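Accompanying notes for the structure given below.
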Amino acid sequence: LLILAIAVSSGCVRRHTDAGETLPHSEDKRHQTELVRTTRAQTDIARAALLIETTPLSRSKRQSLLSGINSKAGAIRTKLEKKASAGVIIAAINNHFFGPEGFAALTDLTAPENVSVAAVLSNRRGTCVGLAIVYLALAQRLGLDAHAVATPVHLFVRVKLDGRSRNVELLEAGREVDDDTYRRRYRIDEASIASGAFMRDLANAEVIAHLLSNQAVALSREGKLDEALTRYDAAL
């Protein structure tokens, strides 16, 4: 489940460089600003997510994971006709993503590895946030107009196709679930929808903010409160 606890005060965390080294604690606050600036500058949601792993990745490891995503997208593309419709592309992604060797859902946020996109890619298991990021990375590489959508405790994916929108439920093997079902399931009132709090298309940077919040939850449960507070702040 996604916990929308994006809130509270300032915190400190050790700054990690691009290669994965740790810098002095005195530079922690600067890292918070850099964390936000770096991830928001990324147009590739997968790259942004891999830049903020709680256990920093080396550049070569990050590039290897990104190459893997590119390969998955390429494998899906080879099975499509040149002018395949969005609906056909979604079906191809779902077959790949949720097939026998595909991804499965986790709902436990207590361990940092469960909110790690690197772990999602390596283990093919993840929470709704991690799965959404990988799914969006594939869909956007294949030219789809795809976004994550937030409910109070969950993210799903919405794709524009053939003059309408289709929701992809990541915890149910890509099943299409309509907006009204989500509203009832999570008791979302009209005021929350009208204000844009829930059920709207999220920008990639907003999805990364949800990831930062989930990471903060996991870190706080490990007793790493300074690191958790820094990620909450970066998520705001």
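Naming scheme: A, B, ... for chains in displayed order of the structure tokens; residues 1 onward per chain; ligands 1 onward as shown.
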
Which segment 45-132 of chain A residues have any atom within 7 Å of an atom of segment 162-174 of chain A, and for each, what is the nearest pair of atoms with distance in Å to one decimal, counting only C-alpha atoms, rows sorted by chain and number, as CSV?
residue,atom,partner,partner_atom,distance
A:Asn94,CA,A:Gly174,CA,6.2
A:Phe98,CA,A:Ala173,CA,5.6
A:Ala105,CA,A:Leu171,CA,5.4
A:Cys128,CA,A:Leu170,CA,6.4
A:Leu131,CA,A:Leu170,CA,6.8

Using only C-alpha atoms, what does the table of segment 94-175 of chain A residues within 12 Å of segment 181-205 of chain A look like, with each row giving the shortest atom pair and its distance in Å to one decimal, sorted by chain and ascending number, as CSV?
residue,atom,partner,partner_atom,distance
A:Val129,CA,A:Asn204,CA,11.6
A:Ala132,CA,A:Asn204,CA,10.5
A:Ile133,CA,A:Asn204,CA,8.6
A:Val134,CA,A:Asn204,CA,11.7
A:Leu136,CA,A:Asn204,CA,8.8
A:Ala137,CA,A:Asn204,CA,9.8
A:Gln140,CA,A:Asn204,CA,10.6
A:Asp145,CA,A:Asp201,CA,10.4
A:Ala146,CA,A:Asp201,CA,8.5
A:His147,CA,A:Asp201,CA,5.6
A:Ala148,CA,A:Leu202,CA,5.5
A:Val149,CA,A:Asp201,CA,5.2
A:Ala150,CA,A:Phe198,CA,5.3
A:Thr151,CA,A:Phe198,CA,5.2
A:Pro152,CA,A:Tyr186,CA,6.8
A:Val153,CA,A:Tyr186,CA,7.8
A:His154,CA,A:Tyr186,CA,8.8
A:Leu155,CA,A:Met199,CA,9.3
A:Phe156,CA,A:Met199,CA,9.5
A:Val157,CA,A:Asp201,CA,8.7
A:Arg158,CA,A:Asp201,CA,7.4
A:Val159,CA,A:Asp201,CA,9.4
A:Lys160,CA,A:Asp201,CA,10.5
A:Ser165,CA,A:Asp201,CA,10.7
A:Arg166,CA,A:Asp201,CA,11.9
A:Asn167,CA,A:Tyr182,CA,10.0
A:Val168,CA,A:Tyr182,CA,11.5
A:Glu169,CA,A:Tyr182,CA,10.1

Report task. Would you please work out which residue, of A:Lys224, A:Arg231, A:Arg125, A:Arg175, is nearest to Ala91 of chain A when using only C-alpha atoms? Result ->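 Comparing A:Lys224, A:Arg231, A:Arg125, A:Arg175 against Ala91 of chain A, the winner is A:Arg175.
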
Query - Among listed residues A:Ala48, A:Leu225, A:Ile93, A:Leu144, nearest Lys79 of chain A (using only C-alpha atoms) - result: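 Distance minimum relative to Lys79 of chain A lands on A:Ile93.
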
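Proximity of A:Leu106, A:Leu57, A:Ala111, A:Ala139 to Ile69 of chain A, computed with only C-alpha atoms, is greatest for A:Ala139.
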
**Report entry** Shell around Asn70 of chain A at 9 Å using only C-alpha atoms, local window under 4 positions removed, as a list in words
**Finding:** Leu65, Leu66, Gly74, Ala75, Ala137, Leu138 and Arg141 of chain A

Requested in this report: Take atom CA of Ala235 of chain A and atom CA of Leu212 of chain A and report the distance between them in Å, one decimal.
Outcome: 5.7 Å

Query raised in the report: So how far away is atom CA of Ile52 of chain A from atom CA of Gly99 of chain A, in Å?
Result: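 So the two atoms, atom CA of Gly99 of chain A and atom CA of Ile52 of chain A, lie 28.3 Å apart.
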